[in-house]
>>> print(open('input-v9.cif').read())   # mmCIF, C-alpha atoms
data_final
#
loop_
_atom_site.group_PDB
_atom_site.id
_atom_site.type_symbol
_atom_site.label_atom_id
_atom_site.label_comp_id
_atom_site.auth_asym_id
_atom_site.auth_seq_id
_atom_site.Cartn_x
_atom_site.Cartn_y
_atom_site.Cartn_z
ATOM 1 C CA MET G 1066 89.608 101.776 82.693
ATOM 2 C CA SER G 1067 90.672 102.105 86.306
ATOM 3 C CA ARG G 1068 91.892 99.255 88.479
ATOM 4 C CA GLY G 1069 88.756 99.301 90.626
ATOM 5 C CA ARG G 1070 86.444 99.053 87.636
ATOM 6 C CA VAL G 1071 88.376 96.134 86.155
ATOM 7 C CA VAL G 1072 88.227 94.274 89.461
ATOM 8 C CA LEU G 1073 84.506 94.959 89.727
ATOM 9 C CA VAL G 1074 83.826 93.798 86.152
ATOM 10 C CA LEU G 1075 85.762 90.543 86.515
ATOM 11 C CA VAL G 1076 84.216 89.747 89.890
ATOM 12 C CA LEU G 1077 80.702 90.443 88.600
ATOM 13 C CA LEU G 1078 81.228 88.358 85.466
ATOM 14 C CA GLY G 1079 82.581 85.419 87.451
ATOM 15 C CA ALA G 1080 79.948 85.673 90.168
ATOM 16 C CA GLY G 1081 77.186 85.975 87.568
ATOM 17 C CA ALA G 1082 78.330 82.872 85.694
ATOM 18 C CA PHE G 1083 78.646 80.946 88.963
ATOM 19 C CA GLY G 1084 75.175 81.955 90.166
ATOM 20 C CA LEU G 1085 73.501 81.151 86.845
ATOM 21 C CA SER G 1086 75.194 77.745 86.731
ATOM 22 C CA LEU G 1087 73.106 76.751 89.752
ATOM 23 C CA LEU G 1088 69.848 77.248 87.815
ATOM 24 C CA THR G 1089 68.129 74.780 85.498
ATOM 25 C CA TRP G 1090 69.694 74.563 82.057
ATOM 26 C CA VAL G 1091 68.187 71.405 80.571
ATOM 27 C CA GLY G 1092 64.739 69.838 80.876
ATOM 28 C CA ALA G 1093 63.427 66.536 79.547
ATOM 29 C CA GLU G 1094 61.073 63.593 80.176
ATOM 30 C CA ALA G 1095 62.778 60.472 81.534
ATOM 31 C CA VAL G 1096 61.472 56.990 80.718
ATOM 32 C CA THR G 1097 60.673 55.067 83.912
ATOM 33 C CA THR G 1098 58.593 52.018 84.870
ATOM 34 C CA LEU G 1099 55.912 54.389 86.143
ATOM 35 C CA GLY G 1100 55.814 56.360 82.925
ATOM 36 C CA PRO G 1101 57.545 59.556 81.828
ATOM 37 C CA GLN G 1102 59.019 61.619 84.657
ATOM 38 C CA PRO G 1103 60.275 65.182 84.269
ATOM 39 C CA VAL G 1104 63.962 65.738 84.919
ATOM 40 C CA ARG G 1105 65.772 69.019 85.359
ATOM 41 C CA VAL G 1106 69.519 69.498 85.028
ATOM 42 C CA SER G 1107 71.341 72.510 86.423
ATOM 43 C CA GLY G 1108 74.269 74.141 84.737
ATOM 44 C CA ALA G 1109 76.642 72.658 87.312
ATOM 45 C CA GLY G 1110 75.278 69.186 86.511
ATOM 46 C CA ALA G 1111 75.239 69.633 82.751
ATOM 47 C CA ALA G 1112 78.624 71.416 82.502
ATOM 48 C CA PRO G 1113 80.535 70.998 85.796
ATOM 49 C CA VAL G 1114 83.476 73.018 84.515
ATOM 50 C CA VAL G 1115 81.420 76.221 84.335
ATOM 51 C CA PRO G 1116 81.100 76.959 88.100
ATOM 52 C CA SER G 1117 84.749 76.031 88.679
ATOM 53 C CA ALA G 1118 85.896 78.367 85.915
ATOM 54 C CA ALA G 1119 83.642 81.122 87.254
ATOM 55 C CA LEU G 1120 85.341 80.915 90.657
ATOM 56 C CA VAL G 1121 88.739 81.168 88.939
ATOM 57 C CA VAL G 1122 87.572 84.378 87.264
ATOM 58 C CA VAL G 1123 86.456 85.829 90.602
ATOM 59 C CA VAL G 1124 89.796 85.020 92.254
ATOM 60 C CA ALA G 1125 91.706 86.439 89.275
ATOM 61 C CA GLY G 1126 89.722 89.675 89.511
ATOM 62 C CA LEU G 1127 90.569 90.065 93.184
ATOM 63 C CA ALA G 1128 94.238 89.307 92.470
ATOM 64 C CA VAL G 1129 94.354 92.095 89.887
ATOM 65 C CA GLY G 1130 93.369 94.621 92.536
ATOM 66 C CA LEU G 1131 95.941 93.534 95.117
ATOM 67 C CA SER G 1132 98.964 92.441 93.107
ATOM 68 C CA GLY G 1133 102.030 93.763 91.366
ATOM 69 C CA PRO G 1134 102.770 94.089 87.639
ATOM 70 C CA VAL G 1135 103.633 90.396 87.097
ATOM 71 C CA VAL G 1136 100.436 89.053 88.644
ATOM 72 C CA ARG G 1137 98.453 91.697 86.754
ATOM 73 C CA ILE G 1138 99.422 89.771 83.612
ATOM 74 C CA LEU G 1139 99.175 86.220 84.973
ATOM 75 C CA ALA G 1140 95.780 86.707 86.653
ATOM 76 C CA PRO G 1141 93.982 87.878 83.480
ATOM 77 C CA ALA G 1142 95.623 85.033 81.546
ATOM 78 C CA ALA G 1143 94.252 82.526 84.067
ATOM 79 C CA ALA G 1144 90.817 84.163 83.884
ATOM 80 C CA ALA G 1145 90.831 84.066 80.087
ATOM 81 C CA LEU G 1146 91.907 80.411 80.007
ATOM 82 C CA ALA G 1147 89.233 79.379 82.508
ATOM 83 C CA ALA G 1148 86.580 81.352 80.632
ATOM 84 C CA VAL G 1149 87.557 79.753 77.312
ATOM 85 C CA VAL G 1150 87.318 76.232 78.773
ATOM 86 C CA ALA G 1151 83.911 76.990 80.284
ATOM 87 C CA LEU G 1152 82.792 78.688 77.065
ATOM 88 C CA ILE G 1153 83.598 75.564 75.045
ATOM 89 C CA ALA G 1154 81.684 73.407 77.529
ATOM 90 C CA GLY G 1155 78.686 75.740 77.297
ATOM 91 C CA ILE G 1156 78.698 75.741 73.494
ATOM 92 C CA VAL G 1157 78.920 71.940 73.403
ATOM 93 C CA LEU G 1158 75.951 71.704 75.762
ATOM 94 C CA ILE G 1159 73.897 74.135 73.694
ATOM 95 C CA ALA G 1160 74.704 72.193 70.526
ATOM 96 C CA ASP G 1161 73.581 68.875 72.049
ATOM 97 C CA PRO G 1162 71.830 68.875 75.443
ATOM 98 C CA ASP G 1163 70.587 65.264 75.098
ATOM 99 C CA PRO G 1164 73.606 63.583 76.796
ATOM 100 C CA ALA G 1165 73.125 65.678 79.925
ATOM 101 C CA ALA G 1166 69.385 64.897 79.932
ATOM 102 C CA ARG G 1167 70.002 61.167 79.476
ATOM 103 C CA SER G 1168 72.497 61.138 82.330
ATOM 104 C CA ALA G 1169 69.917 62.750 84.608
ATOM 105 C CA ALA G 1170 67.239 60.321 83.368
ATOM 106 C CA GLY G 1171 69.454 57.380 84.307
ATOM 107 C CA GLU G 1172 69.686 58.689 87.859
ATOM 108 C CA VAL G 1173 65.902 59.022 88.087
ATOM 109 C CA GLY G 1174 64.637 55.813 86.458
ATOM 110 C CA GLY G 1175 67.741 53.695 86.040
ATOM 111 C CA VAL G 1176 67.452 53.886 82.247
ATOM 112 C CA ARG G 1177 69.286 56.507 80.247
ATOM 113 C CA GLU G 1178 66.342 57.189 77.969
ATOM 114 C CA ILE G 1179 64.236 60.296 77.401
ATOM 115 C CA THR G 1180 61.072 60.852 75.453
ATOM 116 C CA GLY G 1181 61.612 63.365 72.712
ATOM 117 C CA ALA G 1182 64.427 65.909 72.667
ATOM 118 C CA ALA G 1183 65.878 67.749 75.631
ATOM 119 C CA GLU G 1184 64.962 71.399 75.992
ATOM 120 C CA LEU G 1185 67.273 74.231 76.907
ATOM 121 C CA THR G 1186 66.409 77.181 79.110
ATOM 122 C CA VAL G 1187 67.711 80.688 78.473
ATOM 123 C CA TRP G 1188 70.450 80.502 81.128
ATOM 124 C CA PRO G 1189 73.086 78.610 79.066
ATOM 125 C CA TRP G 1190 72.935 81.367 76.475
ATOM 126 C CA VAL G 1191 73.316 84.077 79.106
ATOM 127 C CA VAL G 1192 76.321 82.318 80.643
ATOM 128 C CA VAL G 1193 77.959 81.939 77.227
ATOM 129 C CA VAL G 1194 77.652 85.705 76.727
ATOM 130 C CA LEU G 1195 79.158 86.347 80.168
ATOM 131 C CA LEU G 1196 82.051 84.006 79.478
ATOM 132 C CA ALA G 1197 82.741 85.582 76.080
ATOM 133 C CA SER G 1198 82.778 89.013 77.744
ATOM 134 C CA THR G 1199 85.189 87.685 80.356
ATOM 135 C CA VAL G 1200 87.588 86.532 77.646
ATOM 136 C CA LEU G 1201 87.517 89.943 75.964
ATOM 137 C CA VAL G 1202 88.112 91.832 79.230
ATOM 138 C CA ALA G 1203 90.926 89.491 80.252
ATOM 139 C CA LEU G 1204 92.664 89.877 76.878
ATOM 140 C CA VAL G 1205 92.512 93.678 76.946
ATOM 141 C CA LEU G 1206 93.493 93.979 80.620
ATOM 142 C CA PRO G 1207 97.290 93.413 80.315
ATOM 143 C CA PHE G 1208 97.547 96.318 77.846
ATOM 144 C CA ARG G 1209 95.672 98.636 80.203
ATOM 145 C CA ALA G 1210 97.355 97.500 83.410
ATOM 146 C CA GLY G 1211 100.666 99.078 82.390
ATOM 147 C CA THR G 1212 99.268 102.554 83.102
ATOM 148 C CA TRP G 1213 98.231 101.709 86.671
ATOM 149 C CA ALA G 1214 100.329 102.727 89.633
ATOM 150 C CA PRO G 1215 101.420 99.798 91.827
ATOM 151 C CA ALA G 1216 99.082 99.123 94.740
ATOM 152 C CA ALA G 1217 101.889 99.720 97.256
ATOM 153 C CA ALA G 1218 102.732 103.080 95.698
ATOM 154 C CA ARG G 1219 99.353 104.472 96.665
ATOM 155 C CA TYR G 1220 99.994 103.685 100.324
ATOM 156 C CA GLU G 1221 103.514 105.132 100.058
ATOM 157 C CA ARG G 1222 102.130 108.392 98.681
ATOM 158 C CA ALA G 1223 99.608 108.525 101.508
ATOM 159 C CA ALA G 1224 102.389 108.001 104.052
ATOM 160 C CA VAL G 1225 104.480 110.767 102.470
ATOM 161 C CA ARG G 1226 101.532 113.146 102.625
ATOM 162 C CA ALA G 1227 100.973 112.264 106.288
ATOM 163 C CA GLU G 1228 104.650 112.866 107.098
ATOM 164 C CA GLY G 1229 104.535 116.208 105.272
ATOM 165 C CA ALA G 1230 101.479 117.249 107.262
ATOM 166 C CA GLY G 1231 103.224 116.255 110.504
ATOM 167 C CA ALA G 1232 106.336 118.239 109.610
ATOM 168 C CA ALA G 1233 104.220 121.291 108.746
ATOM 169 C CA GLY G 1234 102.463 120.987 112.108
ATOM 170 C CA THR G 1235 105.818 120.796 113.906
ATOM 171 C CA ARG G 1236 107.054 123.920 112.117
ATOM 172 C CA THR G 1237 103.840 125.738 113.026
ATOM 173 C CA ASN G 1238 104.171 124.774 116.691
ATOM 174 C CA GLY G 1239 107.830 125.836 116.715
ATOM 175 C CA ALA G 1240 106.952 129.213 115.205
ATOM 176 C CA ALA G 1241 104.209 129.733 117.796
ATOM 177 C CA ALA G 1242 106.621 128.858 120.618
ATOM 178 C CA GLY G 1243 109.175 131.306 119.224
ATOM 179 C CA GLN G 1244 106.593 134.104 119.129
ATOM 180 C CA ALA G 1245 105.599 133.379 122.745
ATOM 181 C CA THR G 1246 109.272 133.555 123.822
ATOM 182 C CA SER G 1247 109.740 136.886 122.047
ATOM 183 C CA ARG G 1248 106.726 138.378 123.817
ATOM 184 C CA ALA G 1249 108.062 137.166 127.175
ATOM 185 C CA ASP G 1250 111.445 138.818 126.462
ATOM 186 C CA TRP G 1251 109.799 142.152 125.652
ATOM 187 C CA ASP G 1252 107.741 141.959 128.858
ATOM 188 C CA ALA G 1253 110.919 141.341 130.858
ATOM 189 C CA LEU G 1254 112.669 144.310 129.246
ATOM 190 C CA SER G 1255 109.681 146.559 129.976
ATOM 191 C CA ARG G 1256 109.987 145.623 133.674
ATOM 192 C CA GLY G 1257 113.705 146.395 133.613
ATOM 193 C CA LEU G 1258 114.829 142.759 133.832
ATOM 194 C CA ASP G 1259 117.438 140.930 131.809
ATOM 195 C CA PRO G 1260 115.604 138.350 129.574
ATOM 196 C CA SER G 1261 118.747 136.185 129.424
ATOM 197 C CA VAL G 1262 118.555 135.579 133.194
ATOM 198 C CA THR G 1263 116.438 132.649 134.401
ATOM 199 C CA ASP G 1264 113.419 133.002 136.703
ATOM 200 C CA ASP G 1265 115.400 131.563 139.658
ATOM 201 C CA GLU G 1266 118.081 134.223 139.238
ATOM 202 C CA HIS G 1267 115.394 136.878 138.978
ATOM 203 C CA GLY G 1268 114.080 135.761 142.350
ATOM 204 C CA GLY G 1269 117.106 137.245 144.106
ATOM 205 C CA GLN G 1270 116.819 140.594 142.298
ATOM 206 C CA ASP G 1271 114.350 143.395 142.910
ATOM 207 C CA GLU G 1272 112.787 145.266 140.046
ATOM 208 C CA PRO G 1273 114.010 148.869 139.598
ATOM 209 C CA GLY G 1274 110.862 150.352 141.107
ATOM 210 C CA GLU G 1275 111.146 148.188 144.199
ATOM 211 C CA ARG G 1276 114.828 149.125 144.752
ATOM 212 C CA GLY G 1277 113.989 152.841 144.508
ATOM 213 C CA ALA G 1278 111.159 152.495 146.996
ATOM 214 C CA GLY G 1279 113.537 150.769 149.429
ATOM 215 C CA ARG G 1280 116.032 153.637 149.260
ATOM 216 C CA ASP G 1281 113.317 156.207 149.812
ATOM 217 C CA ALA G 1282 112.082 154.376 152.843
ATOM 218 C CA SER G 1283 115.538 154.010 154.285
ATOM 219 C CA GLY G 1284 116.162 157.718 153.693
ATOM 220 C CA GLN G 1285 113.029 158.651 155.630
ATOM 221 C CA GLU G 1286 114.105 156.424 158.485
ATOM 222 C CA ARG G 1287 117.439 158.151 158.635
#
>>> encode(input="input-v9.cif", output="structure tokens")
Amino acid sequence: MSRGRVVLVLVLLGAGAFGLSLLTWVGAEAVTTLGPQPVRVSGAGAAPVVPSAALVVVVAGLAVGLSGPVVRILAPAAAALAAVVALIAGIVLIADPDPAARSAAGEVGGVREITGAAELTVWPWVVVVLLASTVLVALVLPFRAGTWAPAAARYERAAVRAEGAGAAGTRTNGAAAGQATSRADWDALSRGLDPSVTDDEHGGQDEPGERGAGRDASGQER
């Protein structure tokens, strides 16, 4: 599995657990002076450790994508530990949701009593599956991370390729300039000029045709 996919999986697992912890997990009827009142408890209220652990998983996933070999081992370990703690809290809640319902009932009616048993929604089960998957991914990750190239190495390879392209362009420009100089030398030779002489020095010399025309003219004058 590539680095990008691992980062995406961890971030999605953590974000999913965090988002689902904001939904209702437990429902019950609280005993109040006005009669039974419905109470609803979110995952964050029933198991406060779950959203905190989910954020740790998200941060660990991002760290895996931007870090070196040491952090690539520590970050999954932190994600696995956080997921295990949250997983235990979720299992405890599923096994006995009444304490969370009674706590919410006490806030509503002042008496920590509910009528009947508390009811669970489907979301605690979904979060438990997400957390278990997070633990598995985090445990396998250190064994797969050894085959990844360091993040900095990718930028170094890109820089080397850019330098190679620049050097090739310089060589191409130099070759083109050399060809232009050769053509200029041949043109000078065809006109009877010395290509090693500069343009300023050529200014004081007449081309062979011009010198011959001058002699002919002077001969006619004489």
>>> atom_distance(input="input-v9.cif", atom1="CA of Pro1101 in chain G", atom2="CA of Thr1186 in chain G")
19.9 Å
>>> resolve_selection(input="input-v9.cif", expression="the PyMOL selection byres ((chain G and resi 1190-1195) around 10)", output="number ranges by chain")
G: 1077-1079, 1081-1086, 1090, 1108, 1115, 1119, 1148-1149, 1151-1156, 1159, 1185-1189, 1196-1200
>>> atom_distance(input="input-v9.cif", atom1="CA of Ile1138 in chain G", atom2="CA of Val1150 in chain G")
18.8 Å
>>> resolve_selection(input="input-v9.cif", expression="the PyMOL selection byres ((chain G and resi 1125-1137) around 8)", output="list in words")
Arg1068, Gly1069, Val1071, Val1072, Leu1073, Val1074, Leu1075, Val1076, Val1121, Val1122, Val1123, Val1124, Ile1138, Leu1139, Ala1140, Pro1141, Ala1143, Ala1144, Pro1207, Ala1210, Gly1211, Pro1215 and Ala1216 of chain G
>>> atom_distance(input="input-v9.cif", atom1="CA of Ala1142 in chain G", atom2="CA of Ala1203 in chain G")
6.6 Å
>>> closest_residue(input="input-v9.cif", among="G:Leu1099, G:Leu1087, G:Ala1112, G:Val1106", to="Ala1183 in chain G", atoms="only C-alpha atoms")
G:Val1106
>>> resolve_selection(input="input-v9.cif", expression="the PyMOL selection byres ((chain G and resi 1163) around 12)", output="JSON, numbers by chain")
{"G": [1090, 1091, 1092, 1093, 1094, 1095, 1104, 1105, 1106, 1111, 1157, 1158, 1159, 1160, 1161, 1162, 1164, 1165, 1166, 1167, 1168, 1169, 1170, 1177, 1178, 1179, 1180, 1181, 1182, 1183, 1184, 1185]}
